[in-house]
file data09.tsv (TSV, C-alpha atoms)
chain	number	residue	atom	x	y	z
A	450	MET	CA	202.33	6.34	79.55
A	451	LYS	CA	201.79	3.10	81.46
A	452	LYS	CA	201.34	2.99	85.22
A	453	LEU	CA	201.93	-0.19	87.25
A	454	TRP	CA	199.77	-0.98	90.30
A	455	LYS	CA	201.33	-3.84	92.26
A	456	ASN	CA	201.27	-5.72	95.57
A	457	CYS	CA	197.52	-6.33	95.66
A	458	HIS	CA	194.77	-8.90	95.24
A	459	ILE	CA	192.04	-8.22	92.69
A	460	ALA	CA	188.36	-9.13	92.64
A	461	THR	CA	187.64	-8.57	88.96
A	462	MET	CA	183.86	-9.29	89.38
A	463	GLN	CA	183.71	-11.00	85.98
A	464	ASN	CA	180.67	-13.28	85.58
A	465	GLY	CA	179.15	-11.78	88.73
A	466	GLN	CA	181.73	-13.49	90.95
A	467	TYR	CA	184.81	-12.33	92.83
A	468	SER	CA	186.96	-14.00	90.12
A	469	SER	CA	189.89	-13.31	92.41
A	470	ILE	CA	193.48	-12.88	91.34
A	471	GLU	CA	195.88	-13.37	94.26
A	472	HIS	CA	199.27	-11.63	94.27
A	473	ALA	CA	198.09	-9.50	91.39
A	474	ALA	CA	199.19	-6.50	89.40
A	475	MET	CA	197.46	-4.14	87.00
A	476	VAL	CA	198.80	-1.82	84.31
A	477	THR	CA	196.83	1.24	83.28
A	478	SER	CA	197.40	3.39	80.23
A	479	GLY	CA	195.69	6.73	80.42
A	480	GLN	CA	192.06	6.16	81.45
A	481	HIS	CA	191.98	2.44	80.66
A	482	ILE	CA	193.25	-0.90	81.92
A	483	HIS	CA	196.11	-2.09	79.73
A	484	TRP	CA	196.89	-5.40	81.44
A	485	ILE	CA	195.75	-7.35	84.51
A	486	GLY	CA	196.97	-10.63	86.00
A	487	THR	CA	199.33	-12.14	88.54
A	488	PHE	CA	202.51	-10.26	89.35
A	489	GLU	CA	204.41	-13.37	88.31
A	490	ASP	CA	203.03	-13.01	84.76
A	491	LEU	CA	203.62	-9.25	84.52
A	492	PRO	CA	205.09	-8.43	81.10
A	493	ALA	CA	208.52	-6.82	81.05
A	494	ASP	CA	207.91	-3.19	80.10
A	495	ALA	CA	208.79	0.37	81.00
A	496	TYR	CA	206.40	2.09	83.39
A	497	SER	CA	206.14	5.80	84.01
A	498	GLU	CA	205.07	5.17	87.61
A	499	THR	CA	204.83	2.22	89.98
A	500	VAL	CA	202.28	2.27	92.81
A	501	ASP	CA	202.59	-0.14	95.74
A	502	LEU	CA	199.09	-0.95	97.03
A	503	ASN	CA	200.43	-2.60	100.19
A	504	GLY	CA	198.43	-5.82	99.95
A	505	ALA	CA	195.06	-4.15	99.36
A	506	TRP	CA	192.04	-5.84	97.81
A	507	VAL	CA	191.13	-4.11	94.56
A	508	THR	CA	187.56	-4.07	93.23
A	509	PRO	CA	185.86	-2.15	90.43
A	510	GLY	CA	184.66	1.29	91.44
A	511	LEU	CA	181.18	1.06	92.92
A	512	ILE	CA	178.20	2.04	90.75
A	513	ASP	CA	175.09	3.64	92.27
A	514	CYS	CA	172.60	3.01	89.47
A	515	HIS	CA	169.41	4.60	90.90
A	516	THR	CA	169.47	7.92	92.76
A	517	HIS	CA	167.46	11.12	93.04
A	518	SER	CA	170.39	13.12	94.38
A	519	VAL	CA	169.25	16.57	93.17
A	520	PHE	CA	166.40	18.11	95.14
A	521	GLY	CA	165.46	21.13	97.22
A	522	GLY	CA	164.94	20.96	100.99
A	523	ASN	CA	164.44	17.67	102.81
A	524	ARG	CA	161.64	15.84	104.58
A	525	SER	CA	163.13	15.14	107.99
A	526	VAL	CA	160.21	16.84	109.75
A	527	GLU	CA	157.78	14.53	107.94
A	528	PHE	CA	159.91	11.58	109.02
A	529	GLU	CA	159.51	12.69	112.61
A	530	LYS	CA	155.75	13.19	112.18
A	531	ARG	CA	155.31	9.68	110.81
A	532	LEU	CA	157.10	8.28	113.85
A	533	GLN	CA	154.71	10.28	116.01
A	534	GLY	CA	151.77	8.56	114.36
A	535	VAL	CA	150.77	10.98	111.60
A	536	SER	CA	149.83	9.01	108.49
A	537	TYR	CA	151.39	9.58	105.08
A	538	ALA	CA	147.93	10.49	103.74
A	539	GLU	CA	147.54	13.18	106.41
A	540	ILE	CA	150.99	14.55	105.61
A	541	ALA	CA	150.20	14.62	101.89
A	542	ALA	CA	146.82	16.29	102.51
A	543	SER	CA	148.57	19.08	104.38
A	544	GLY	CA	150.89	19.74	101.43
A	545	GLY	CA	153.69	17.37	102.39
A	546	GLY	CA	155.12	14.35	100.61
A	547	ILE	CA	156.53	14.69	97.13
A	548	ALA	CA	154.59	17.94	96.65
A	549	SER	CA	156.74	19.61	99.28
A	550	THR	CA	159.93	18.49	97.52
A	551	VAL	CA	158.57	19.79	94.20
A	552	ARG	CA	157.89	23.18	95.78
A	553	ALA	CA	161.33	23.34	97.37
A	554	THR	CA	163.03	22.27	94.15
A	555	ARG	CA	161.15	24.80	92.06
A	556	GLU	CA	161.99	27.56	94.53
A	557	ALA	CA	165.71	26.72	94.63
A	558	SER	CA	168.13	28.25	92.15
A	559	GLU	CA	170.35	26.13	89.95
A	560	GLN	CA	173.33	27.12	92.09
A	561	GLU	CA	171.53	26.17	95.30
A	562	LEU	CA	170.54	22.78	93.93
A	563	LEU	CA	174.10	22.14	92.78
A	564	ALA	CA	175.58	23.08	96.15
A	565	SER	CA	173.23	20.82	98.12
A	566	ALA	CA	173.54	17.90	95.70
A	567	LEU	CA	177.34	18.04	95.74
A	568	LYS	CA	177.34	17.54	99.51
A	569	ARG	CA	175.30	14.37	99.15
A	570	VAL	CA	177.12	12.97	96.13
A	571	ARG	CA	180.50	13.59	97.77
A	572	CYS	CA	179.40	11.26	100.58
A	573	LEU	CA	178.79	8.54	97.99
A	574	LEU	CA	182.11	9.24	96.28
A	575	LYS	CA	183.88	8.96	99.63
A	576	ASP	CA	182.18	5.57	100.04
A	577	GLY	CA	183.80	4.31	96.82
A	578	VAL	CA	181.17	5.25	94.21
A	579	THR	CA	182.87	6.22	90.95
A	580	THR	CA	179.78	6.01	88.71
A	581	ILE	CA	176.32	7.33	89.56
A	582	GLU	CA	172.95	7.73	87.89
A	583	ILE	CA	170.89	10.76	88.92
A	584	LYS	CA	167.25	11.31	88.01
A	585	SER	CA	165.22	14.45	87.63
A	586	GLY	CA	161.56	14.29	88.65
A	587	TYR	CA	161.06	16.99	91.26
A	588	GLY	CA	160.58	19.80	88.76
A	589	LEU	CA	157.62	18.42	86.80
A	590	ASP	CA	157.60	21.25	84.29
A	591	TYR	CA	159.99	22.07	81.48
A	592	ALA	CA	161.90	24.88	83.20
A	593	ASN	CA	162.46	23.02	86.45
A	594	GLU	CA	163.18	19.61	84.93
A	595	ARG	CA	165.71	21.38	82.73
A	596	LYS	CA	167.19	23.06	85.80
A	597	MET	CA	167.63	19.70	87.53
A	598	LEU	CA	169.15	18.06	84.46
A	599	ARG	CA	171.57	20.96	84.03
A	600	VAL	CA	172.65	20.48	87.64
A	601	ILE	CA	173.27	16.78	86.98
A	602	ARG	CA	175.55	17.70	84.07
A	603	GLN	CA	177.39	20.18	86.32
A	604	ILE	CA	177.95	17.49	88.94
A	605	ALA	CA	179.70	15.47	86.24
A	606	GLU	CA	181.92	18.46	85.49
A	607	THR	CA	182.69	19.09	89.17
A	608	LEU	CA	183.40	15.66	90.65
A	609	PRO	CA	185.71	12.86	89.43
A	610	MET	CA	182.81	10.52	88.64
A	611	THR	CA	180.95	9.15	85.66
A	612	VAL	CA	177.44	10.64	85.94
A	613	ARG	CA	174.41	9.42	83.96
A	614	SER	CA	171.40	11.70	83.67
A	615	THR	CA	167.87	10.24	83.61
A	616	CYS	CA	164.73	12.23	82.84
A	617	LEU	CA	162.01	11.24	85.32
A	618	ALA	CA	159.46	13.90	84.41
A	619	ALA	CA	156.80	11.17	84.74
A	620	HIS	CA	157.46	10.88	88.48
A	621	ALA	CA	154.25	12.44	89.79
A	622	LEU	CA	151.44	14.66	88.62
A	623	PRO	CA	152.29	18.37	88.99
A	624	PRO	CA	149.70	20.62	90.68
A	625	GLU	CA	148.91	22.49	87.48
A	626	TYR	CA	147.82	19.18	85.87
A	627	LYS	CA	145.59	18.03	88.73
A	628	ASP	CA	143.30	15.22	87.50
A	629	GLN	CA	144.81	15.51	84.00
A	630	SER	CA	147.40	12.77	83.93
A	631	ASP	CA	146.86	11.94	80.24
A	632	ALA	CA	147.42	15.57	79.31
A	633	TYR	CA	150.61	15.70	81.38
A	634	ILE	CA	152.02	12.59	79.68
A	635	GLU	CA	151.22	14.17	76.31
A	636	HIS	CA	153.06	17.31	77.42
A	637	ILE	CA	156.13	15.27	78.37
A	638	CYS	CA	156.07	13.35	75.09
A	639	ASN	CA	155.36	16.26	72.76
A	640	GLU	CA	157.17	19.14	74.45
A	641	MET	CA	159.43	18.42	77.41
A	642	LEU	CA	161.34	15.29	76.44
A	643	PRO	CA	162.15	16.26	72.82
A	644	LYS	CA	163.46	19.67	73.94
A	645	LEU	CA	165.50	18.29	76.83
A	646	HIS	CA	166.95	15.58	74.62
A	647	GLN	CA	167.83	18.10	71.91
A	648	GLU	CA	169.80	20.08	74.52
A	649	GLY	CA	171.86	16.98	75.31
A	650	LEU	CA	170.61	16.73	78.89
A	651	VAL	CA	169.12	13.21	78.83
A	652	ASP	CA	170.89	9.83	78.85
A	653	ALA	CA	167.80	7.72	79.66
A	654	VAL	CA	164.08	8.02	80.42
A	655	ASP	CA	162.30	6.71	83.52
A	656	ALA	CA	158.74	6.75	84.88
A	657	PHE	CA	156.83	5.76	88.01
A	658	CYS	CA	154.30	3.09	87.07
A	659	GLU	CA	151.93	2.88	90.04
A	660	TYR	CA	148.28	3.42	90.89
A	661	LEU	CA	149.22	6.70	92.60
A	662	ALA	CA	151.36	7.84	89.65
A	663	PHE	CA	151.00	6.68	86.02
A	664	SER	CA	149.25	3.72	84.41
A	665	PRO	CA	150.96	1.10	82.22
A	666	ALA	CA	149.20	2.59	79.16
A	667	GLN	CA	150.53	6.07	79.95
A	668	VAL	CA	154.01	4.71	80.57
A	669	GLU	CA	153.92	2.79	77.30
A	670	HIS	CA	153.14	6.03	75.45
A	671	LEU	CA	156.22	7.58	77.08
A	672	PHE	CA	158.34	4.53	76.18
A	673	LYS	CA	157.36	4.84	72.53
A	674	THR	CA	158.41	8.49	72.54
A	675	ALA	CA	161.73	7.61	74.19
A	676	GLN	CA	162.37	4.92	71.61
A	677	SER	CA	161.64	7.36	68.79
A	678	LEU	CA	164.40	9.54	70.26
A	679	ASN	CA	166.76	6.54	70.62
A	680	LEU	CA	166.83	6.98	74.38
A	681	PRO	CA	167.14	3.90	76.63
A	682	ILE	CA	164.44	3.38	79.24
A	683	LYS	CA	164.16	2.39	82.88
A	684	LEU	CA	161.13	2.03	85.14
A	685	HIS	CA	160.00	2.33	88.76
A	686	ALA	CA	157.74	-0.74	88.89
A	687	GLU	CA	155.84	-2.97	91.31
A	688	GLN	CA	156.87	-1.05	94.44
A	689	LEU	CA	153.36	-0.77	95.87
A	690	SER	CA	151.17	-2.96	93.66
A	691	ALA	CA	151.29	-5.47	90.82
A	692	LEU	CA	150.52	-3.59	87.61
A	693	GLY	CA	152.76	-5.52	85.23
A	694	GLY	CA	155.12	-2.58	84.85
A	695	SER	CA	158.20	-4.80	84.90
A	696	SER	CA	156.79	-6.93	82.08
A	697	LEU	CA	156.04	-3.74	80.16
A	698	ALA	CA	159.62	-2.60	80.73
A	699	ALA	CA	160.88	-5.94	79.44
A	700	ARG	CA	158.77	-5.70	76.28
A	701	TYR	CA	160.49	-2.42	75.50
A	702	GLN	CA	163.97	-3.80	76.27
A	703	ALA	CA	164.39	-1.56	79.30
A	704	LEU	CA	167.81	-1.41	80.91
A	705	SER	CA	166.22	-2.01	84.30
A	706	ALA	CA	163.05	-2.23	86.33
A	707	ASP	CA	163.47	-1.03	89.90
A	708	HIS	CA	161.91	-1.73	93.36
A	709	LEU	CA	159.87	-4.86	92.31
A	710	GLU	CA	158.42	-5.92	95.65
A	711	PHE	CA	155.08	-6.89	94.01
A	712	MET	CA	156.35	-8.40	90.75
A	713	THR	CA	154.96	-11.76	89.65
A	714	GLU	CA	156.55	-14.91	88.25
A	715	ASP	CA	155.49	-13.85	84.76
A	716	ASP	CA	157.23	-10.50	85.27
A	717	VAL	CA	160.41	-12.31	86.29
A	718	LYS	CA	160.29	-14.52	83.21
A	719	ALA	CA	159.75	-11.51	80.95
A	720	MET	CA	162.71	-9.67	82.45
A	721	ALA	CA	164.91	-12.75	82.16
A	722	ALA	CA	164.07	-13.13	78.47
A	723	ALA	CA	164.73	-9.45	77.77
A	724	GLY	CA	167.91	-9.15	79.85
A	725	THR	CA	166.34	-6.37	81.89
A	726	VAL	CA	168.16	-5.87	85.20
A	727	ALA	CA	166.27	-6.02	88.51
A	728	VAL	CA	167.41	-3.11	90.67
A	729	LEU	CA	166.57	-3.67	94.33
A	730	LEU	CA	166.44	-0.71	96.70
A	731	PRO	CA	166.88	-1.87	100.30
A	732	GLY	CA	167.02	1.67	101.67
A	733	ALA	CA	163.41	2.40	100.67
A	734	PHE	CA	162.34	-1.10	101.80
A	735	TYR	CA	163.85	-0.39	105.22
A	736	PHE	CA	162.75	3.23	105.55
A	737	LEU	CA	159.12	2.42	104.68
A	738	ARG	CA	159.11	-0.66	106.92
A	739	GLU	CA	158.01	-2.73	103.95
A	740	THR	CA	157.08	-6.35	104.63
A	741	LYS	CA	156.54	-7.53	101.04
A	742	TYR	CA	159.83	-8.89	99.70
A	743	PRO	CA	160.84	-8.96	96.04
A	744	PRO	CA	160.62	-12.54	94.67
A	745	LEU	CA	164.28	-13.22	95.22
A	746	ASP	CA	164.17	-17.00	94.74
A	747	SER	CA	162.42	-16.53	91.41
A	748	LEU	CA	164.89	-13.87	90.27
A	749	HIS	CA	167.78	-16.20	91.07
A	750	GLN	CA	166.06	-19.21	89.50
A	751	HIS	CA	165.47	-17.45	86.19
A	752	GLY	CA	168.91	-15.84	86.06
A	753	VAL	CA	167.84	-12.19	86.24
A	754	ARG	CA	170.74	-9.88	87.01
A	755	ILE	CA	170.21	-8.25	90.41
A	756	ALA	CA	171.65	-4.80	91.03
A	757	LEU	CA	171.47	-2.77	94.23
A	758	SER	CA	171.37	0.98	94.66
A	759	SER	CA	170.96	3.64	97.32
A	760	ASP	CA	167.80	5.23	95.84
A	761	LEU	CA	169.07	8.42	97.51
A	762	ASN	CA	165.99	10.66	97.77
A	763	PRO	CA	164.43	12.96	100.37
A	764	GLY	CA	161.25	11.00	101.05
A	765	THR	CA	161.86	7.27	101.23
A	766	SER	CA	165.62	6.63	101.20
A	767	PRO	CA	167.80	9.49	102.50
A	768	ALA	CA	170.81	7.19	102.13
A	769	LEU	CA	174.30	8.65	101.96
A	770	SER	CA	176.20	5.34	101.99
A	771	LEU	CA	176.05	2.72	99.25
A	772	ARG	CA	178.08	0.38	101.45
A	773	LEU	CA	175.32	0.50	104.08
A	774	MET	CA	172.82	-0.36	101.35
A	775	MET	CA	175.04	-3.31	100.42
A	776	ASN	CA	174.86	-4.61	103.98
A	777	MET	CA	171.07	-4.17	103.88
A	778	GLY	CA	171.02	-6.09	100.61
A	779	SER	CA	172.63	-9.01	102.41
A	780	THR	CA	170.76	-8.79	105.71
A	781	LEU	CA	167.30	-7.97	104.33
A	782	PHE	CA	167.35	-9.70	100.94
A	783	ARG	CA	169.69	-12.58	101.86
A	784	LEU	CA	172.18	-11.84	99.09
A	785	THR	CA	175.68	-13.13	99.71
A	786	PRO	CA	178.44	-10.51	99.94
A	787	GLU	CA	179.67	-11.72	96.54
A	788	GLN	CA	176.19	-11.24	95.02
A	789	THR	CA	175.90	-7.86	96.69
A	790	LEU	CA	179.25	-6.67	95.38
A	791	ALA	CA	178.24	-7.85	91.91
A	792	GLY	CA	175.04	-5.84	92.38
A	793	VAL	CA	176.95	-2.57	92.69
A	794	THR	CA	179.55	-3.34	90.03
A	795	THR	CA	178.90	-5.55	87.01
A	796	HIS	CA	175.08	-5.79	87.32
A	797	ALA	CA	174.77	-2.07	88.08
A	798	ALA	CA	176.81	-1.35	84.95
A	799	HIS	CA	174.30	-3.36	82.92
A	800	ALA	CA	171.48	-1.37	84.54
A	801	LEU	CA	173.02	1.79	83.06
A	802	GLY	CA	174.02	0.31	79.72
A	803	LEU	CA	177.69	0.73	80.63
A	804	GLN	CA	178.71	-2.94	80.72
A	805	GLU	CA	181.18	-2.57	77.84
A	806	THR	CA	183.27	-0.02	79.74
A	807	HIS	CA	182.48	-0.30	83.47
A	808	GLY	CA	181.63	-2.75	86.21
A	809	THR	CA	184.46	-5.29	85.95
A	810	LEU	CA	188.24	-5.09	85.88
A	811	GLU	CA	189.32	-6.27	82.44
A	812	THR	CA	191.76	-5.20	79.76
A	813	GLY	CA	190.33	-2.32	77.76
A	814	LYS	CA	187.80	-1.19	80.34
A	815	VAL	CA	187.85	2.13	82.16
A	816	ALA	CA	190.38	2.18	85.00
A	817	ASP	CA	187.93	2.91	87.83
A	818	PHE	CA	188.82	0.88	90.90
A	819	ILE	CA	189.08	0.94	94.68
A	820	ALA	CA	192.02	-0.41	96.69
A	821	TRP	CA	190.51	-1.43	100.03
A	822	GLU	CA	192.61	-2.01	103.15
A	823	ILE	CA	190.80	-5.24	104.01
A	824	GLU	CA	191.57	-8.94	104.29
A	825	HIS	CA	188.71	-10.20	102.11
A	826	PRO	CA	186.13	-8.57	99.77
A	827	SER	CA	183.28	-9.64	102.06
A	828	GLU	CA	184.44	-6.95	104.52
A	829	ILE	CA	183.12	-4.27	102.16
A	830	VAL	CA	179.62	-5.57	102.93
A	831	TYR	CA	180.27	-6.73	106.50
A	832	TRP	CA	181.19	-3.45	108.20
A	833	LEU	CA	178.26	-1.20	109.15
A	834	GLY	CA	178.96	2.42	108.29
A	835	GLY	CA	182.19	4.20	108.96
A	836	ASP	CA	184.81	5.04	106.38
A	837	LEU	CA	186.76	1.94	105.35
A	838	PRO	CA	190.35	2.92	104.54
A	839	LYS	CA	190.74	2.91	100.79
A	840	ARG	CA	192.34	4.50	97.76
A	841	ILE	CA	189.98	5.62	95.01
A	842	ILE	CA	191.20	5.54	91.42
A	843	GLN	CA	189.06	7.08	88.68
A	844	HIS	CA	190.12	6.96	85.03
A	845	GLY	CA	193.56	5.77	86.09
A	846	ASN	CA	194.23	8.61	88.54
A	847	GLU	CA	194.07	8.44	92.32
A	848	ILE	CA	191.70	11.04	93.72
A	849	SER	CA	191.42	12.69	97.10
A	850	ILE	CA	188.15	13.82	98.63

call {"tool": "encode", "arguments": {"input": "data09.tsv", "output": "structure tokens"}}
result
Amino acid sequence: MKKLWKNCHIATMQNGQYSSIEHAAMVTSGQHIHWIGTFEDLPADAYSETVDLNGAWVTPGLIDCHTHSVFGGNRSVEFEKRLQGVSYAEIAASGGGIASTVRATREASEQELLASALKRVRCLLKDGVTTIEIKSGYGLDYANERKMLRVIRQIAETLPMTVRSTCLAAHALPPEYKDQSDAYIEHICNEMLPKLHQEGLVDAVDAFCEYLAFSPAQVEHLFKTAQSLNLPIKLHAEQLSALGGSSLAARYQALSADHLEFMTEDDVKAMAAAGTVAVLLPGAFYFLRETKYPPLDSLHQHGVRIALSSDLNPGTSPALSLRLMMNMGSTLFRLTPEQTLAGVTTHAAHALGLQETHGTLETGKVADFIAWEIEHPSEIVYWLGGDLPKRIIQHGNEISI
């Protein structure tokens, strides 16, 4: 049955631009877009339902392509301590930092993790996010990584969203592997990842390539294992230092390399040649008061796709609004609103390997879109916070939150 959506303007986001259609209409059939164009060119047909969008601007559903939405506890007390002058090293030495989140996540039941994560992800859904990637990485052993990944699958079953699950077991060194990082990587490659993949819990594999996490050689070992399992890869790279992680990701045809404050010109060229997406995370940049900017001019010059994401996590980006991150992407990284919107639609879809089905409004693609009560698409980025009036359509059906 075909449904007609009329009386709107559409920013299709094809080619990373608004690609606007004024006085537009769209026809959906089931979960997909059947036709899109000007109302004047609408084919004569029978429609099971006609929806008047009252002059709204329609965009693709937003895509949050890098989050850590499932975790136990939070680190608000540490946030306060840092503002009182306590250093991160002192907090970590007293058992804080990521170690505290690992403890809280291990102690939480599957049901408790699901309940807390749903509260956070619902905030993103209310903001217009219809597709989200969620990483594990706070379990750091088989049982608890499995628990997190199972929760991610349950989120997909609970909320009207497309949810991608990424195994980030190589996020940090667990306490039981203290000073044994090589052995832990071997454990991930030989035991954890094959089992988790066999259970159907993993859509992609990620790692944290940094001097305080895992070396390029260790990450490369993990990449080879992921490739042997036909799993796509992503990478946290160049957030704190220049280790060449983004070039490594490009050599292995990674979907994305993320953070990238310390990447070099050679890294940019490697990512451009491989088609690896640069995912920028303004929430962490802001929260950590970072002063080293990603090489934005170089990324633009070499034509690297730039995506943006919330990086929702308890330690460095407790962000519950992707729209706020979009504004930060413009104000901090000097992206235009058009570039920013592309960063959470078409480029974010590429960062998840979903570009054939998501990220733009085209015939045959999934009918995920937002009808915003605004006068121009730039308003989505312009307004700080709040709940912009909108209608959220996922798989051709309007949803209420």

call {"tool": "residues_around", "arguments": {"input": "data09.tsv", "residues": "Lys575 of chain A", "least_positions_apart": "6", "cutoff": "12 Å", "atoms": "all atoms listed in the file", "output": "list in words"}}
result
Gly510, Leu511, Leu567, Lys568, Arg569, Leu608, Pro609, Met610, Leu769, Ser770, Leu771, Arg772, Ile819, Gly834, Gly835, Asp836, Leu837, Pro838, Lys839, Arg840, Ile841, Ile842, Ile848, Ser849 and Ile850 of chain A

call {"tool": "closest_residue", "arguments": {"input": "data09.tsv", "among": "A:Ala820, A:Ala719, A:Ala564, A:Leu757", "to": "Trp506 of chain A", "atoms": "only C-alpha atoms"}}
result
A:Ala820

call {"tool": "closest_residue", "arguments": {"input": "data09.tsv", "among": "A:Ile604, A:Pro826, A:Gly764, A:Cys658", "to": "Gly545 of chain A", "atoms": "all atoms listed in the file"}}
result
A:Gly764

call {"tool": "atom_distance", "arguments": {"input": "data09.tsv", "atom1": "atom CA of Asp494 of chain A", "atom2": "atom CA of Gln804 of chain A"}}
result
29.2 Å

call {"tool": "closest_residue", "arguments": {"input": "data09.tsv", "among": "A:Ile581, A:Ala474, A:Leu730, A:Ala791", "to": "Gly778 of chain A", "atoms": "all atoms listed in the file"}}
result
A:Leu730

call {"tool": "residues_near_point", "arguments": {"input": "data09.tsv", "point": "(187.4, -3.9, 103.7)", "cutoff": "9 Å", "atoms": "all atoms listed in the file", "output": "PyMOL selection string"}}
result
chain A and resi 505-506+821-832+837-839

call {"tool": "closest_residue", "arguments": {"input": "data09.tsv", "among": "A:Lys584, A:His636, A:Arg738, A:His807", "to": "Arg602 of chain A", "atoms": "all atoms listed in the file"}}
result
A:Lys584

call {"tool": "atom_distance", "arguments": {"input": "data09.tsv", "atom1": "atom CA of Gln688 of chain A", "atom2": "atom CA of Met712 of chain A"}}
result
8.2 Å

call {"tool": "closest_residue", "arguments": {"input": "data09.tsv", "among": "A:Met720, A:Leu704, A:Leu598, A:Leu642", "to": "Ser677 of chain A", "atoms": "all atoms listed in the file"}}
result
A:Leu642

call {"tool": "residues_around", "arguments": {"input": "data09.tsv", "residues": "Ala816 of chain A", "least_positions_apart": "5", "cutoff": "8 Å", "atoms": "all atoms listed in the file", "output": "PyMOL selection string"}}
result
chain A and resi 477+480-482+810+842-845

call {"tool": "axis_aligned_box", "arguments": {"input": "data09.tsv", "around": "segment 679-682 of chain A", "padding_each_side": "6 Å", "output": "AutoDock Vina command-line options"}}
result
--center_x 165.8 --center_y 5.2 --center_z 74.9 --size_x 14.7 --size_y 15.6 --size_z 20.6

call {"tool": "build_atoms", "arguments": {"input": "data09.tsv", "residues": "segment 688-701 of chain A", "atoms": "N, CA, C and O atoms", "output": "PDB file, in the coordinates of the input"}}
result
ATOM      1  N   GLN A 688     156.466  -1.385  93.072  1.00  0.00           N
ATOM      2  CA  GLN A 688     156.870  -1.050  94.440  1.00  0.00           C
ATOM      3  C   GLN A 688     155.701  -1.200  95.407  1.00  0.00           C
ATOM      4  O   GLN A 688     155.877  -1.672  96.531  1.00  0.00           O
ATOM      5  N   LEU A 689     154.511  -0.803  94.979  1.00  0.00           N
ATOM      6  CA  LEU A 689     153.360  -0.770  95.870  1.00  0.00           C
ATOM      7  C   LEU A 689     152.230  -1.688  95.436  1.00  0.00           C
ATOM      8  O   LEU A 689     151.335  -1.983  96.226  1.00  0.00           O
ATOM      9  N   SER A 690     152.240  -2.115  94.185  1.00  0.00           N
ATOM     10  CA  SER A 690     151.170  -2.960  93.660  1.00  0.00           C
ATOM     11  C   SER A 690     151.654  -3.673  92.413  1.00  0.00           C
ATOM     12  O   SER A 690     152.673  -3.291  91.827  1.00  0.00           O
ATOM     13  N   ALA A 691     150.925  -4.693  92.005  1.00  0.00           N
ATOM     14  CA  ALA A 691     151.290  -5.470  90.820  1.00  0.00           C
ATOM     15  C   ALA A 691     150.504  -4.973  89.615  1.00  0.00           C
ATOM     16  O   ALA A 691     149.334  -5.308  89.436  1.00  0.00           O
ATOM     17  N   LEU A 692     151.160  -4.142  88.797  1.00  0.00           N
ATOM     18  CA  LEU A 692     150.520  -3.590  87.610  1.00  0.00           C
ATOM     19  C   LEU A 692     151.131  -4.130  86.313  1.00  0.00           C
ATOM     20  O   LEU A 692     150.726  -3.735  85.228  1.00  0.00           O
ATOM     21  N   GLY A 693     152.106  -5.000  86.431  1.00  0.00           N
ATOM     22  CA  GLY A 693     152.760  -5.520  85.230  1.00  0.00           C
ATOM     23  C   GLY A 693     153.747  -4.550  84.614  1.00  0.00           C
ATOM     24  O   GLY A 693     154.139  -4.715  83.455  1.00  0.00           O
ATOM     25  N   GLY A 694     154.181  -3.564  85.379  1.00  0.00           N
ATOM     26  CA  GLY A 694     155.120  -2.580  84.850  1.00  0.00           C
ATOM     27  C   GLY A 694     156.454  -3.199  84.450  1.00  0.00           C
ATOM     28  O   GLY A 694     157.063  -2.797  83.452  1.00  0.00           O
ATOM     29  N   SER A 695     156.911  -4.188  85.226  1.00  0.00           N
ATOM     30  CA  SER A 695     158.200  -4.800  84.900  1.00  0.00           C
ATOM     31  C   SER A 695     158.116  -5.609  83.611  1.00  0.00           C
ATOM     32  O   SER A 695     159.070  -5.642  82.828  1.00  0.00           O
ATOM     33  N   SER A 696     156.971  -6.240  83.360  1.00  0.00           N
ATOM     34  CA  SER A 696     156.790  -6.930  82.080  1.00  0.00           C
ATOM     35  C   SER A 696     156.727  -5.932  80.929  1.00  0.00           C
ATOM     36  O   SER A 696     157.277  -6.177  79.845  1.00  0.00           O
ATOM     37  N   LEU A 697     156.069  -4.809  81.157  1.00  0.00           N
ATOM     38  CA  LEU A 697     156.040  -3.740  80.160  1.00  0.00           C
ATOM     39  C   LEU A 697     157.443  -3.254  79.866  1.00  0.00           C
ATOM     40  O   LEU A 697     157.828  -3.082  78.699  1.00  0.00           O
ATOM     41  N   ALA A 698     158.234  -3.029  80.918  1.00  0.00           N
ATOM     42  CA  ALA A 698     159.620  -2.600  80.730  1.00  0.00           C
ATOM     43  C   ALA A 698     160.392  -3.616  79.899  1.00  0.00           C
ATOM     44  O   ALA A 698     161.157  -3.253  78.997  1.00  0.00           O
ATOM     45  N   ALA A 699     160.182  -4.891  80.181  1.00  0.00           N
ATOM     46  CA  ALA A 699     160.880  -5.940  79.440  1.00  0.00           C
ATOM     47  C   ALA A 699     160.487  -5.932  77.965  1.00  0.00           C
ATOM     48  O   ALA A 699     161.338  -6.119  77.093  1.00  0.00           O
ATOM     49  N   ARG A 700     159.219  -5.718  77.676  1.00  0.00           N
ATOM     50  CA  ARG A 700     158.770  -5.700  76.280  1.00  0.00           C
ATOM     51  C   ARG A 700     159.457  -4.599  75.486  1.00  0.00           C
ATOM     52  O   ARG A 700     159.650  -4.721  74.282  1.00  0.00           O
ATOM     53  N   TYR A 701     159.818  -3.536  76.166  1.00  0.00           N
ATOM     54  CA  TYR A 701     160.490  -2.420  75.500  1.00  0.00           C
ATOM     55  C   TYR A 701     162.005  -2.437  75.715  1.00  0.00           C
ATOM     56  O   TYR A 701     162.674  -1.436  75.527  1.00  0.00           O
TER      57      TYR A 701
END
